[in-house]
Each structure stands twice: as structure tokens, then as C-alpha cells.
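Engineer: Take this structure, written in C-alpha cells, and hold onto it; I'll ask about it next.
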Amino acid sequence: MNPETLLQNLQHFCGSEQYYKHWLGLCYTDGVNYLAENAQCLWLIDAIASHQPRVQKIPRLRDFQLWFLHVGEAHKFIKPTAGNKAVLTCWEDAPKSGDKPVVRQNIPFTDFPLPEIKLYVRESILMLPDEN
């Protein structure tokens, strides 16, 4: 699926009729399931779920987390380190230059089709922003 079609289709998700449970305990929505299947990025759910035990210990992040995957160097200040293709970050609020993310994981290789994706974890459910 080309990136334009994927983005267009993701915009149609509003709420979720079903929740899926990751083997690490994190639940996710129809939209995230669609993203994972069509962008072939189940690894992205794995990565976010793997950080939950540490992130959930931070009281201000128990109810809401903002996750970004940035591929390449397109973002103003969120960039992967040298030798990496992407970076996954978690924030408690919209990132600003000079702020440090709660989680930063460099991704050495990815064929993720979009330059970036924003996801939320709200009350232990991973979702697209429009599913909030």
C-alpha cells in the first residue's frame, strides 16, 4: 500500500469497535491494528509495549502518553542518531525544542512507509489520535 493511501485510510478510524491485546499486556485499537497490518509494523506495537513497565511507573504518564515514530531527518529536532533510520519517542505533552523525551529508542533499520506517525496510549490502550 502506498503512503498516501495508508494515510487516507487511517483518517477514517474514529473510536474502536474492538480491542486487541498484545502479549505484553498493552491493548490496541482497530486503527492501530490496521496500521500494523498494512504498514507491516507489528514491531512498533512491540516496541511501545516493551516500554510500558517503566513508563507506567511514572505517575504523570499512567493515563496518557504521546508516542512518535520519526523516520529520517525530516523533523526539526527529533532525529535518529547517526547510523539509525528512525527514532521512537514518548512524551508527556507536545514536544518542544530543548525538551527531552521520556523514552527515546533509535531504530537501526525500518521500511516504515510514512515519515512519521503519532500514537497515543490512553489508560493502557494504544490508539491513533482520531480514536481518542
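Residue numbers start at 1 in each chain; chains themselves are named A, B, ... in the order of the C-alpha cells; ligands are numbered from 1 in the order shown.
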For range 31-83 of chain A versus range 116-125 of chain A, which residues have an atom no more than 7 Å away, and what is each residue's nearest atom pair and distance in Å rounded to one decimal, using only C-alpha atoms, chain-then-number order, as JSON lines?

Structural biologist:
{"residue": "A:Arg62", "atom": "CA", "partner": "A:Glu123", "partner_atom": "CA", "distance": 6.7}
{"residue": "A:Asp63", "atom": "CA", "partner": "A:Glu123", "partner_atom": "CA", "distance": 4.7}
{"residue": "A:Phe64", "atom": "CA", "partner": "A:Arg122", "partner_atom": "CA", "distance": 4.6}
{"residue": "A:Gln65", "atom": "CA", "partner": "A:Val121", "partner_atom": "CA", "distance": 5.0}
{"residue": "A:Leu66", "atom": "CA", "partner": "A:Tyr120", "partner_atom": "CA", "distance": 4.9}
{"residue": "A:Trp67", "atom": "CA", "partner": "A:Leu119", "partner_atom": "CA", "distance": 5.1}
{"residue": "A:Phe68", "atom": "CA", "partner": "A:Lys118", "partner_atom": "CA", "distance": 4.6}
{"residue": "A:Leu69", "atom": "CA", "partner": "A:Glu116", "partner_atom": "CA", "distance": 5.3}
{"residue": "A:His70", "atom": "CA", "partner": "A:Glu116", "partner_atom": "CA", "distance": 4.5}
{"residue": "A:Val71", "atom": "CA", "partner": "A:Glu116", "partner_atom": "CA", "distance": 5.9}

Engineer: Do a neighbour search on range 74-88 of chain A at 8 Å with only C-alpha atoms, toss out local chain neighbours closer than 2 positions, and write the hits as a ChimeraX atom specification.

Structural biologist: /A:67-72,90,97,103-110,115

Engineer: With C-alpha atoms retained, export the selected residues as a PDB file, in the first residue's frame.

Structural biologist:
ATOM      1  CA  TRP A  67       4.380   8.456  21.050  1.00  0.00           C
ATOM      2  CA  PHE A  68       6.096   9.474  17.810  1.00  0.00           C
ATOM      3  CA  LEU A  69       7.956   7.439  15.256  1.00  0.00           C
ATOM      4  CA  HIS A  70      10.096   9.688  13.058  1.00  0.00           C
ATOM      5  CA  VAL A  71      11.746   8.158  10.020  1.00  0.00           C
ATOM      6  CA  GLY A  72      14.694  10.007   8.557  1.00  0.00           C
ATOM      7  CA  CYS A  90       7.488   9.057  24.178  1.00  0.00           C
ATOM      8  CA  SER A  97      12.800  22.039  21.061  1.00  0.00           C
ATOM      9  CA  VAL A 103      11.689   7.362  26.127  1.00  0.00           C
ATOM     10  CA  ARG A 104      13.981   7.501  23.128  1.00  0.00           C
ATOM     11  CA  GLN A 105      14.705   4.369  21.100  1.00  0.00           C
ATOM     12  CA  ASN A 106      16.765   4.518  17.931  1.00  0.00           C
ATOM     13  CA  ILE A 107      15.663   2.140  15.188  1.00  0.00           C
ATOM     14  CA  PRO A 108      18.624   0.901  13.102  1.00  0.00           C
ATOM     15  CA  PHE A 109      16.524  -0.196  10.126  1.00  0.00           C
ATOM     16  CA  THR A 110      12.919   0.254   9.040  1.00  0.00           C
ATOM     17  CA  PRO A 115       7.888   9.917   7.514  1.00  0.00           C
TER      18      PRO A 115
END

Engineer: Could you pull out the strand (DSSP E or B) residues of range 18-124 of chain A, going by DSSP on the backbone, and write them as a CSV table (one decimal) with N, CA, C and O atoms, in the first residue's frame?

Structural biologist:
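New file result_38.csv:
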chain,number,residue,atom,x,y,z
A,20,TYR,N,-7.5,-5.2,20.7
A,20,TYR,CA,-6.6,-6.3,20.5
A,20,TYR,C,-5.7,-6.3,21.7
A,20,TYR,O,-5.2,-5.2,22.1
A,21,LYS,N,-5.3,-7.4,22.2
A,21,LYS,CA,-4.3,-7.5,23.3
A,21,LYS,C,-3.0,-8.0,22.9
A,21,LYS,O,-2.9,-9.1,22.3
A,27,CYS,N,-3.2,-3.1,25.3
A,27,CYS,CA,-4.3,-3.2,24.3
A,27,CYS,C,-4.2,-2.2,23.2
A,27,CYS,O,-3.6,-1.1,23.5
A,28,TYR,N,-4.7,-2.5,22.0
A,28,TYR,CA,-4.7,-1.5,21.0
A,28,TYR,C,-5.9,-1.6,20.1
A,28,TYR,O,-6.7,-2.6,20.2
A,64,PHE,N,-1.9,9.0,30.2
A,64,PHE,CA,-1.7,9.5,28.8
A,64,PHE,C,-0.2,9.5,28.4
A,64,PHE,O,0.6,10.0,29.2
A,65,GLN,N,0.1,9.0,27.2
A,65,GLN,CA,1.4,9.1,26.7
A,65,GLN,C,1.3,9.4,25.2
A,65,GLN,O,0.4,9.0,24.5
A,66,LEU,N,2.2,10.2,24.7
A,66,LEU,CA,2.3,10.7,23.3
A,66,LEU,C,3.5,10.0,22.7
A,66,LEU,O,4.6,10.3,23.2
A,67,TRP,N,3.3,9.2,21.7
A,67,TRP,CA,4.4,8.5,21.1
A,67,TRP,C,4.5,8.9,19.6
A,67,TRP,O,3.5,9.2,18.9
A,68,PHE,N,5.8,9.1,19.2
A,68,PHE,CA,6.1,9.5,17.8
A,68,PHE,C,7.1,8.5,17.3
A,68,PHE,O,8.1,8.2,17.9
A,69,LEU,N,6.9,8.1,16.0
A,69,LEU,CA,8.0,7.4,15.3
A,69,LEU,C,8.3,8.4,14.1
A,69,LEU,O,7.5,8.8,13.4
A,70,HIS,N,9.6,8.8,14.1
A,70,HIS,CA,10.1,9.7,13.1
A,70,HIS,C,11.1,8.9,12.2
A,70,HIS,O,12.1,8.4,12.8
A,71,VAL,N,10.9,8.9,10.9
A,71,VAL,CA,11.7,8.2,10.0
A,71,VAL,C,12.5,9.2,9.2
A,71,VAL,O,12.0,10.1,8.7
A,86,ALA,N,15.5,5.6,12.1
A,86,ALA,CA,14.3,6.2,12.7
A,86,ALA,C,14.5,6.3,14.2
A,86,ALA,O,15.5,5.7,14.7
A,87,VAL,N,13.6,7.0,14.8
A,87,VAL,CA,13.6,7.1,16.3
A,87,VAL,C,12.2,7.1,16.8
A,87,VAL,O,11.3,7.7,16.2
A,88,LEU,N,12.0,6.3,17.9
A,88,LEU,CA,10.7,6.2,18.6
A,88,LEU,C,10.9,7.0,19.9
A,88,LEU,O,11.8,6.8,20.6
A,89,THR,N,9.9,7.9,20.1
A,89,THR,CA,10.0,8.7,21.3
A,89,THR,C,8.6,8.7,22.0
A,89,THR,O,7.6,8.6,21.4
A,90,CYS,N,8.7,8.9,23.4
A,90,CYS,CA,7.5,9.1,24.2
A,90,CYS,C,7.6,10.4,24.9
A,90,CYS,O,8.6,10.7,25.5
A,91,TRP,N,6.5,11.1,25.0
A,91,TRP,CA,6.4,12.4,25.6
A,91,TRP,C,5.2,12.5,26.5
A,91,TRP,O,4.2,11.8,26.2
A,103,VAL,N,11.1,8.5,26.8
A,103,VAL,CA,11.7,7.4,26.1
A,103,VAL,C,12.2,7.8,24.8
A,103,VAL,O,11.6,8.6,24.1
A,104,ARG,N,13.4,7.3,24.4
A,104,ARG,CA,14.0,7.5,23.1
A,104,ARG,C,14.6,6.2,22.7
A,104,ARG,O,15.5,5.7,23.4
A,105,GLN,N,14.1,5.6,21.6
A,105,GLN,CA,14.7,4.4,21.1
A,105,GLN,C,15.1,4.6,19.6
A,105,GLN,O,14.2,4.8,18.8
A,106,ASN,N,16.3,4.5,19.3
A,106,ASN,CA,16.8,4.5,17.9
A,106,ASN,C,16.4,3.2,17.2
A,106,ASN,O,16.6,2.1,17.8
A,107,ILE,N,16.0,3.3,16.0
A,107,ILE,CA,15.7,2.1,15.2
A,107,ILE,C,16.7,2.0,14.1
A,107,ILE,O,16.7,2.9,13.2
A,116,GLU,N,6.4,10.0,9.5
A,116,GLU,CA,6.2,10.0,10.9
A,116,GLU,C,4.8,9.4,11.2
A,116,GLU,O,3.9,9.5,10.3
A,117,ILE,N,4.6,9.0,12.4
A,117,ILE,CA,3.3,8.6,12.9
A,117,ILE,C,3.2,9.0,14.4
A,117,ILE,O,4.2,8.9,15.1
A,118,LYS,N,2.0,9.5,14.7
A,118,LYS,CA,1.8,9.9,16.1
A,118,LYS,C,0.8,8.9,16.7
A,118,LYS,O,-0.3,8.6,16.0
A,119,LEU,N,1.0,8.4,17.9
A,119,LEU,CA,0.1,7.5,18.5
A,119,LEU,C,-0.1,7.9,20.0
A,119,LEU,O,0.8,8.5,20.6
A,120,TYR,N,-1.2,7.6,20.6
A,120,TYR,CA,-1.4,7.8,22.0
A,120,TYR,C,-1.6,6.5,22.7
A,120,TYR,O,-2.1,5.5,22.2
A,121,VAL,N,-1.1,6.5,24.0
A,121,VAL,CA,-1.5,5.5,24.9
A,121,VAL,C,-2.4,6.2,26.0
A,121,VAL,O,-1.9,7.1,26.7
A,122,ARG,N,-3.7,5.8,26.0
A,122,ARG,CA,-4.6,6.4,27.0
A,122,ARG,C,-5.1,5.3,27.8
A,122,ARG,O,-5.8,4.4,27.3

Engineer: Which distance in Å separates CA of Arg54 in chain A and CA of Asp99 in chain A, to one decimal?

Structural biologist: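 Interatomic distance, CA of Arg54 in chain A to CA of Asp99 in chain A: 19.4 Å.
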
Engineer: Determine the nearest neighbour of Leu35 in chain A from the options A:Lys57, A:Lys100, A:His12, A:His51, counting only C-alpha atoms.

Structural biologist: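 Counting only C-alpha atoms, the residue closest to Leu35 in chain A is A:His12.
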
Engineer: Between CA of Cys14 in chain A and CA of Asp130 in chain A, what is the spacing in Å?

Structural biologist: 5.3 Å

Engineer: Of the residues A:Gly98, A:Met127, A:Asn132, A:Leu7, which is the one nearest to Asn38 in chain A, using only C-alpha atoms?

Structural biologist: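 Smallest distance to Asn38 in chain A is found for A:Leu7.
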
Engineer: Which one is closest to Ser50 in chain A: A:Pro95, A:Tyr19, A:Leu24, A:Leu114? Count only C-alpha atoms.

Structural biologist: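 Distance minimum relative to Ser50 in chain A lands on A:Leu24.
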
Engineer: When DSSP works through the backbone of this structure, what residues of chain A end up as helix (DSSP H, G or I), shown as a PyMOL selection string?

Structural biologist: chain A and resi 3-10+30-38+42-55+59-61+129-131

Engineer: Give me, please, the distance in Å between CA of Glu92 in chain A and CA of Leu61 in chain A, quoted to one decimal.

Structural biologist: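 Going from CA of Glu92 in chain A over to CA of Leu61 in chain A covers 6.3 Å.
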